[in-house]
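Enquirer: Sharing run34.txt here; it has compact mmCIF, C-alpha atoms and all ligand atoms.
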```txt
# COMPACT_ATOMS: atom_id res chain seq x y z
CA MET A 1 18.50 -10.99 -13.71
CA ILE A 2 15.40 -8.83 -13.55
CA THR A 3 14.44 -6.68 -16.55
CA LEU A 4 11.58 -4.21 -16.37
CA TYR A 5 10.04 -2.93 -19.60
CA HIS A 6 9.07 0.56 -18.53
CA ALA A 7 7.46 3.63 -20.05
CA PRO A 8 8.03 6.81 -18.01
CA GLN A 9 5.00 8.18 -16.14
CA SER A 10 2.90 5.08 -16.67
CA ARG A 11 1.71 2.07 -14.68
CA SER A 12 5.25 0.66 -14.84
CA SER A 13 6.53 3.59 -12.73
CA ARG A 14 5.14 1.86 -9.65
CA ILE A 15 7.21 -1.22 -10.43
CA VAL A 16 10.37 0.93 -10.64
CA TRP A 17 9.36 2.20 -7.19
CA LEU A 18 8.86 -1.37 -5.89
CA LEU A 19 12.22 -2.48 -7.31
CA GLU A 20 13.84 0.41 -5.46
CA GLU A 21 12.00 -0.63 -2.30
CA VAL A 22 13.23 -4.23 -2.48
CA GLY A 23 16.76 -3.16 -3.36
CA ALA A 24 17.22 -5.75 -6.11
CA PRO A 25 19.54 -5.13 -9.06
CA TYR A 26 17.49 -4.63 -12.21
CA ASP A 27 17.76 -3.51 -15.77
CA LEU A 28 15.35 -0.83 -16.98
CA LYS A 29 14.35 -1.06 -20.65
CA ILE A 30 12.67 2.17 -21.67
CA THR A 31 9.76 1.09 -23.85
CA ASN A 32 7.58 2.99 -26.29
CA ILE A 33 3.79 2.63 -25.86
CA PRO A 34 0.82 4.31 -27.53
CA ARG A 35 -0.30 7.20 -25.28
CA MET A 36 -3.79 8.65 -24.84
CA ASP A 37 -2.67 11.89 -26.51
CA GLY A 38 -1.91 10.03 -29.73
CA THR A 39 1.88 9.99 -29.29
CA GLY A 40 3.96 6.85 -28.99
CA ALA A 41 3.59 3.45 -30.62
CA PRO A 42 3.86 -0.23 -29.71
CA ASP A 43 7.47 -1.29 -29.21
CA PRO A 44 8.45 -4.46 -31.11
CA ALA A 45 11.05 -5.19 -28.40
CA ASN A 46 8.38 -5.31 -25.68
CA PRO A 47 7.62 -8.95 -24.72
CA HIS A 48 4.18 -8.05 -23.27
CA PRO A 49 1.52 -9.84 -25.39
CA ASP A 50 -0.42 -6.55 -25.70
CA LYS A 51 2.75 -4.42 -25.95
CA LYS A 52 1.80 -2.75 -22.67
CA VAL A 53 3.86 -1.91 -19.60
CA PRO A 54 4.75 -3.06 -17.04
CA ALA A 55 6.32 -6.27 -18.29
CA LEU A 56 8.90 -7.95 -16.08
CA VAL A 57 11.29 -10.68 -17.16
CA ASP A 58 12.89 -12.55 -14.27
CA ASP A 59 15.44 -15.19 -15.21
CA GLY A 60 13.82 -15.55 -18.61
CA VAL A 61 10.25 -15.78 -17.29
CA LEU A 62 7.78 -13.10 -18.39
CA ILE A 63 5.32 -11.69 -15.84
CA THR A 64 2.66 -9.14 -16.80
CA GLU A 65 -0.07 -7.33 -14.82
CA SER A 66 0.98 -4.93 -12.07
CA GLY A 67 -0.63 -7.01 -9.30
CA ALA A 68 1.12 -10.20 -10.41
CA ILE A 69 4.46 -8.40 -10.64
CA VAL A 70 3.99 -6.89 -7.17
CA LEU A 71 3.17 -10.28 -5.68
CA HIS A 72 6.13 -11.91 -7.44
CA LEU A 73 8.63 -9.32 -6.26
CA THR A 74 7.36 -9.08 -2.68
CA ASP A 75 7.47 -12.90 -2.42
CA LYS A 76 10.88 -13.10 -4.05
CA PHE A 77 12.46 -10.54 -1.73
CA PRO A 78 11.04 -11.37 1.73
CA ALA A 79 13.79 -9.43 3.51
CA ALA A 80 12.17 -6.21 2.25
CA LYS A 81 9.05 -7.14 4.29
CA LEU A 82 6.69 -5.72 1.69
CA GLY A 83 4.47 -8.78 1.37
CA PRO A 84 3.34 -11.11 4.18
CA ALA A 85 4.36 -14.72 3.39
CA VAL A 86 2.09 -17.79 3.27
CA GLY A 87 1.36 -18.67 6.90
CA ASP A 88 1.38 -15.04 8.05
CA ALA A 89 -2.05 -13.89 9.27
CA LEU A 90 -1.70 -10.81 7.04
CA ARG A 91 -1.31 -12.91 3.87
CA GLY A 92 -5.08 -13.09 3.37
CA PRO A 93 -5.65 -9.34 3.69
CA TYR A 94 -2.59 -8.73 1.50
CA LEU A 95 -3.87 -10.95 -1.33
CA SER A 96 -7.34 -9.47 -0.93
CA TRP A 97 -6.09 -5.90 -1.37
CA LEU A 98 -3.91 -6.81 -4.37
CA PHE A 99 -6.75 -8.53 -6.18
CA TYR A 100 -9.40 -6.02 -5.10
CA TYR A 101 -7.20 -3.25 -6.49
CA ALA A 102 -6.71 -5.01 -9.84
CA GLY A 103 -10.14 -6.58 -10.16
CA VAL A 104 -12.37 -3.82 -8.81
CA MET A 105 -10.68 -0.49 -8.16
CA GLU A 106 -8.89 -0.07 -11.49
CA PRO A 107 -11.91 -1.10 -13.58
CA VAL A 108 -14.20 1.26 -11.62
CA VAL A 109 -11.74 4.14 -11.98
CA SER A 110 -11.30 3.43 -15.71
CA LEU A 111 -15.07 3.42 -16.28
CA ASP A 112 -15.32 6.66 -14.32
CA PHE A 113 -12.56 8.27 -16.38
CA ALA A 114 -14.26 7.13 -19.56
CA GLY A 115 -17.33 9.06 -18.39
CA LEU A 116 -19.60 6.04 -18.73
CA PRO A 117 -22.94 6.45 -16.99
CA ALA A 118 -23.77 4.27 -13.95
CA ASN A 119 -25.16 0.95 -15.10
CA PRO A 120 -26.88 -1.74 -12.96
CA MET A 121 -24.68 -4.53 -14.35
CA VAL A 122 -21.49 -2.60 -13.61
CA GLN A 123 -22.80 -1.67 -10.15
CA ARG A 124 -23.65 -5.31 -9.41
CA THR A 125 -20.27 -6.60 -10.56
CA PHE A 126 -17.93 -3.94 -9.19
CA ARG A 127 -20.00 -1.71 -6.90
CA SER A 128 -18.63 1.85 -7.21
CA LYS A 129 -16.10 4.41 -6.05
CA ALA A 130 -18.26 5.02 -2.97
CA GLU A 131 -17.88 1.40 -1.80
CA PHE A 132 -14.16 1.13 -2.37
CA GLY A 133 -13.63 4.57 -0.84
CA ALA A 134 -15.43 3.43 2.31
CA ARG A 135 -13.39 0.26 2.41
CA VAL A 136 -10.08 2.11 2.11
CA LEU A 137 -11.10 4.67 4.73
CA ALA A 138 -12.01 1.88 7.16
CA ALA A 139 -8.56 0.34 6.68
CA LEU A 140 -6.77 3.68 7.06
CA ARG A 141 -8.69 4.43 10.25
CA GLU A 142 -6.92 1.37 11.69
CA GLY A 143 -3.84 2.32 9.66
CA PRO A 144 -1.47 3.81 9.07
CA TYR A 145 -1.36 1.48 6.02
CA LEU A 146 -3.79 -0.91 4.33
CA LEU A 147 -2.37 -3.78 6.40
CA GLY A 148 -2.25 -1.77 9.61
CA GLU A 149 1.30 -1.10 10.82
CA ARG A 150 2.80 -2.82 7.81
CA PHE A 151 3.55 -0.96 4.58
CA SER A 152 3.17 -3.40 1.67
CA GLY A 153 3.00 -3.85 -2.09
CA ALA A 154 -0.74 -3.19 -1.83
CA ASP A 155 0.03 0.37 -0.68
CA ILE A 156 2.28 0.82 -3.71
CA LEU A 157 -0.60 -0.07 -6.03
CA LEU A 158 -3.11 2.15 -4.25
CA ALA A 159 -0.75 5.11 -3.72
CA SER A 160 0.39 5.02 -7.35
CA MET A 161 -3.23 5.44 -8.40
CA LEU A 162 -3.71 8.30 -5.92
CA GLN A 163 -0.54 10.06 -7.10
CA TRP A 164 -2.15 10.20 -10.52
CA ALA A 165 -5.79 10.66 -9.48
CA ARG A 166 -6.25 11.73 -5.86
CA HIS A 167 -9.96 12.35 -6.42
CA THR A 168 -10.68 8.63 -6.77
CA LEU A 169 -10.88 8.50 -2.96
CA PRO A 170 -12.94 10.75 -0.67
CA ALA A 171 -11.59 14.18 0.33
CA ASP A 172 -10.50 13.10 3.80
CA LYS A 173 -7.40 13.99 5.81
CA LEU A 174 -6.81 10.29 6.44
CA VAL A 175 -6.15 9.80 2.73
CA ASP A 176 -4.04 12.97 2.40
CA ASP A 177 -1.90 11.97 5.39
CA TYR A 178 -1.56 8.43 4.02
CA LEU A 179 -0.38 9.75 0.67
CA ALA A 180 2.01 12.28 2.24
CA ARG A 181 3.52 9.53 4.42
CA ILE A 182 4.04 7.29 1.41
CA ASN A 183 5.29 10.06 -0.88
CA ALA A 184 8.11 10.71 1.61
CA ARG A 185 9.59 7.24 1.11
CA PRO A 186 13.22 7.43 -0.11
CA ALA A 187 12.68 4.56 -2.59
CA LEU A 188 9.92 6.56 -4.27
CA GLY A 189 12.29 9.53 -4.55
CA ARG A 190 14.91 7.33 -6.23
CA ALA A 191 12.30 5.83 -8.56
CA THR A 192 10.97 9.26 -9.53
CA ALA A 193 14.51 10.41 -10.37
CA LYS A 194 14.85 7.44 -12.77
CA ASP A 195 11.39 7.88 -14.27
CA GLY A 196 12.20 10.60 -16.74
CA GLY A 197 13.39 8.04 -19.26
N1 LIG B 1 -3.79 -4.13 -16.09
C1 LIG B 1 -2.51 -3.73 -16.61
C2 LIG B 1 -2.67 -2.44 -17.36
C3 LIG B 1 -1.40 -2.04 -18.10
C4 LIG B 1 -1.61 -0.82 -18.96
O1 LIG B 1 -2.73 -0.52 -19.40
N2 LIG B 1 -0.53 -0.08 -19.22
C5 LIG B 1 -0.60 1.08 -20.08
C6 LIG B 1 0.34 2.18 -19.56
S1 LIG B 1 -0.31 2.98 -18.11
C7 LIG B 1 -0.09 0.72 -21.46
O2 LIG B 1 0.90 0.03 -21.57
N3 LIG B 1 -0.75 1.21 -22.51
C8 LIG B 1 -0.30 1.00 -23.86
C9 LIG B 1 -1.40 0.45 -24.75
O3 LIG B 1 -2.57 0.52 -24.36
O4 LIG B 1 -1.06 -0.03 -25.82
C10 LIG B 1 -1.50 -3.59 -15.46
O5 LIG B 1 -1.86 -3.06 -14.40
O6 LIG B 1 -0.36 -4.01 -15.62
```
Would you mind writing the file's structure down as structure tokens?
Expert:
Amino acid sequence: MITLYHAPQSRSSRIVWLLEEVGAPYDLKITNIPRMDGTGAPDPANPHPDKKVPALVDDGVLITESGAIVLHLTDKFPAAKLGPAVGDALRGPYLSWLFYYAGVMEPVVSLDFAGLPANPMVQRTFRSKAEFGARVLAALREGPYLLGERFSGADILLASMLQWARHTLPADKLVDDYLARINARPALGRATAKDGG
């Protein structure tokens, strides 16, 4: 049994979306978290070590971090074809996008949101929005998705960031069309309907 600890309109919303995409039965545990506006509080029932969401428990095993959860679910449900398997030529690009998203894009966007000034150490480690924007645009030019013809868990991570902060990528029709295409997915509609808590 899969249980998702989920706070509405948060990073766990994209995992609700992915669970709808894979079509697996799951239990949604609505979870309190501290919010930026000062509301909310850590939920003692949340098994996440930092009391964050998403936290996924699959057959008693806890998985945290959006990228890890996406990889776990796309591997576990291969029939959904949302994650190229080991041996598939797209596995490398798939892993690269998942880890680039988690290890570079989210930190850069967080620093940007925090209004921190550009810093040589940060630039050296992560580069900047300009570099990841160029990389995404190059992929979408081949498109229509990050892995070419194949929609994947990596698109769920990227699109969920864009749904919240479109300006993190360049103002380009390629990105707008990409987002519109993804926003029309029925699984996203079902997830959004469940996201109110
Ligand atoms: N890197 C983590 C970030 C998780 C995260 O920061 N989640 C936020 C919600 S969007 C949270 O639970 N915040 C509550 C807190 O900071 O205590 C992931 O992608 O899973």
Enquirer: Nearest to ligand LIG 1 (chain B): which of A:Thr39, A:Asn32, A:Ser66, A:Gln9 is it, counting all atoms listed in the file?
Expert: A:Ser66
Enquirer: Can you work out which residues are within 6 Å of ligand LIG 1 (chain B), considering only C-alpha atoms and all ligand atoms, and then hand them over as an MDAnalysis selection string?
Expert: chainID A and resid 10:11 33:34 51:54 65:66
Enquirer: As a VMD selection string, please: the residues near Ala171 in chain A (cut-off 12 Å, all atoms listed in the file, same-chain neighbours under 5 positions excluded).
Expert: chain A and resid 130 133 to 134 137 162 165 to 166 176 to 177
Enquirer: Give me the residues within 10 Å of Leu4 in chain A as a PyMOL selection string, counting only C-alpha atoms and dropping any in the same chain fewer than 5 places off.
Expert: chain A and resi 12-13+15-16+19+26-31+46+53-58+62-63
Enquirer: Determine the nearest neighbour of Arg181 in chain A from the options A:Tyr145, A:Thr168, A:Ser160, A:Ala80, counting all atoms listed in the file.
Expert: A:Tyr145
Enquirer: Please provide as a short mmCIF file (atom, residue, chain, number, x, y, z; two decimals) with C-alpha atoms, in the coordinates of the input all residues within 12 Å of range 112-123 of chain A, with the sequence filter that same-chain residues fewer than 6 positions apart are discarded (counting all atoms listed in the file).
Expert:
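Wrote it out as selection_15.cif, contents follow:
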```
data_model
loop_
_atom_site.label_atom_id
_atom_site.label_comp_id
_atom_site.auth_asym_id
_atom_site.auth_seq_id
_atom_site.Cartn_x
_atom_site.Cartn_y
_atom_site.Cartn_z
CA MET A 36 -3.79 8.65 -24.84
CA VAL A 104 -12.37 -3.82 -8.81
CA MET A 105 -10.68 -0.49 -8.16
CA GLU A 106 -8.89 -0.07 -11.49
CA LYS A 129 -16.10 4.41 -6.05
CA ALA A 130 -18.26 5.02 -2.97
CA GLU A 131 -17.88 1.40 -1.80
CA PHE A 132 -14.16 1.13 -2.37
CA ALA A 165 -5.79 10.66 -9.48
CA HIS A 167 -9.96 12.35 -6.42
CA THR A 168 -10.68 8.63 -6.77
#
```
Enquirer: Might you pull out every residue within 9 Å of Asp59 in chain A, with only C-alpha atoms counted and same-chain residues fewer than 3 positions away left off, and present them as number ranges by chain?
Expert: A: 1-3, 62
Enquirer: Report, in Å to a single decimal, how far apart CA of Arg135 in chain A and CA of Asp172 in chain A are.
Expert: 13.2 Å
Enquirer: Some atoms are missing, so please complete range 165-176 of chain A with all heavy atoms and return it as a short mmCIF file (atom, residue, chain, number, x, y, z; two decimals), keeping the file's coordinate frame.
Expert:
```cif
data_model
loop_
_atom_site.label_atom_id
_atom_site.label_comp_id
_atom_site.auth_asym_id
_atom_site.auth_seq_id
_atom_site.Cartn_x
_atom_site.Cartn_y
_atom_site.Cartn_z
N ALA A 165 -4.38 10.26 -9.55
CA ALA A 165 -5.79 10.66 -9.48
C ALA A 165 -6.27 10.63 -8.04
O ALA A 165 -6.97 9.70 -7.62
CB ALA A 165 -6.63 9.72 -10.35
N ARG A 166 -5.90 11.66 -7.28
CA ARG A 166 -6.25 11.73 -5.86
C ARG A 166 -7.76 11.66 -5.63
O ARG A 166 -8.24 11.10 -4.62
CB ARG A 166 -5.65 13.03 -5.26
CG ARG A 166 -6.18 13.45 -3.91
CD ARG A 166 -5.86 12.44 -2.81
NE ARG A 166 -6.50 12.78 -1.55
CZ ARG A 166 -7.75 12.42 -1.22
NH1 ARG A 166 -8.51 11.73 -2.07
NH2 ARG A 166 -8.26 12.75 -0.06
N HIS A 167 -8.51 12.22 -6.60
CA HIS A 167 -9.96 12.35 -6.42
C HIS A 167 -10.69 11.01 -6.46
O HIS A 167 -11.91 10.96 -6.25
CB HIS A 167 -10.54 13.27 -7.49
CG HIS A 167 -10.39 12.70 -8.87
ND1 HIS A 167 -9.24 12.83 -9.61
CD2 HIS A 167 -11.24 11.96 -9.61
CE1 HIS A 167 -9.41 12.20 -10.77
NE2 HIS A 167 -10.61 11.66 -10.78
N THR A 168 -9.99 9.93 -6.75
CA THR A 168 -10.68 8.63 -6.77
C THR A 168 -11.06 8.16 -5.37
O THR A 168 -11.83 7.23 -5.21
CB THR A 168 -9.82 7.55 -7.46
OG1 THR A 168 -8.54 7.54 -6.83
CG2 THR A 168 -9.64 7.84 -8.93
N LEU A 169 -10.48 8.80 -4.34
CA LEU A 169 -10.88 8.50 -2.96
C LEU A 169 -11.47 9.75 -2.33
O LEU A 169 -11.19 10.88 -2.77
CB LEU A 169 -9.67 8.02 -2.14
CG LEU A 169 -9.23 6.56 -2.39
CD1 LEU A 169 -8.01 6.22 -1.55
CD2 LEU A 169 -10.36 5.59 -2.09
N PRO A 170 -12.28 9.59 -1.28
CA PRO A 170 -12.94 10.75 -0.67
C PRO A 170 -11.94 11.81 -0.18
O PRO A 170 -10.80 11.50 0.17
CB PRO A 170 -13.67 10.14 0.54
CG PRO A 170 -13.79 8.68 0.24
CD PRO A 170 -12.64 8.31 -0.64
N ALA A 171 -12.40 13.07 -0.20
CA ALA A 171 -11.59 14.18 0.33
C ALA A 171 -11.58 14.04 1.85
O ALA A 171 -12.50 14.49 2.53
CB ALA A 171 -12.19 15.51 -0.09
N ASP A 172 -10.58 13.38 2.37
CA ASP A 172 -10.50 13.10 3.80
C ASP A 172 -9.03 13.20 4.20
O ASP A 172 -8.15 12.69 3.48
CB ASP A 172 -11.05 11.68 4.06
CG ASP A 172 -11.22 11.38 5.54
OD1 ASP A 172 -10.22 11.41 6.28
OD2 ASP A 172 -12.37 11.11 5.94
N LYS A 173 -8.78 13.80 5.34
CA LYS A 173 -7.40 13.99 5.81
C LYS A 173 -6.66 12.65 5.97
O LYS A 173 -5.45 12.57 5.79
CB LYS A 173 -7.44 14.76 7.13
CG LYS A 173 -6.08 15.21 7.63
CD LYS A 173 -6.22 16.13 8.84
CE LYS A 173 -4.89 16.58 9.42
NZ LYS A 173 -3.90 15.57 9.60
N LEU A 174 -7.42 11.61 6.30
CA LEU A 174 -6.81 10.29 6.44
C LEU A 174 -6.08 9.89 5.15
O LEU A 174 -4.97 9.35 5.18
CB LEU A 174 -7.89 9.24 6.70
CG LEU A 174 -8.26 8.87 8.12
CD1 LEU A 174 -9.39 7.85 8.09
CD2 LEU A 174 -7.06 8.32 8.87
N VAL A 175 -6.73 10.17 4.02
CA VAL A 175 -6.15 9.80 2.73
C VAL A 175 -4.97 10.73 2.42
O VAL A 175 -3.91 10.28 1.96
CB VAL A 175 -7.21 9.88 1.61
CG1 VAL A 175 -6.60 9.52 0.25
CG2 VAL A 175 -8.39 8.97 1.92
N ASP A 176 -5.13 12.02 2.69
CA ASP A 176 -4.04 12.97 2.40
C ASP A 176 -2.81 12.64 3.25
O ASP A 176 -1.68 12.68 2.76
CB ASP A 176 -4.51 14.41 2.68
CG ASP A 176 -5.61 14.82 1.72
OD1 ASP A 176 -5.59 14.37 0.57
OD2 ASP A 176 -6.49 15.60 2.13
#
```
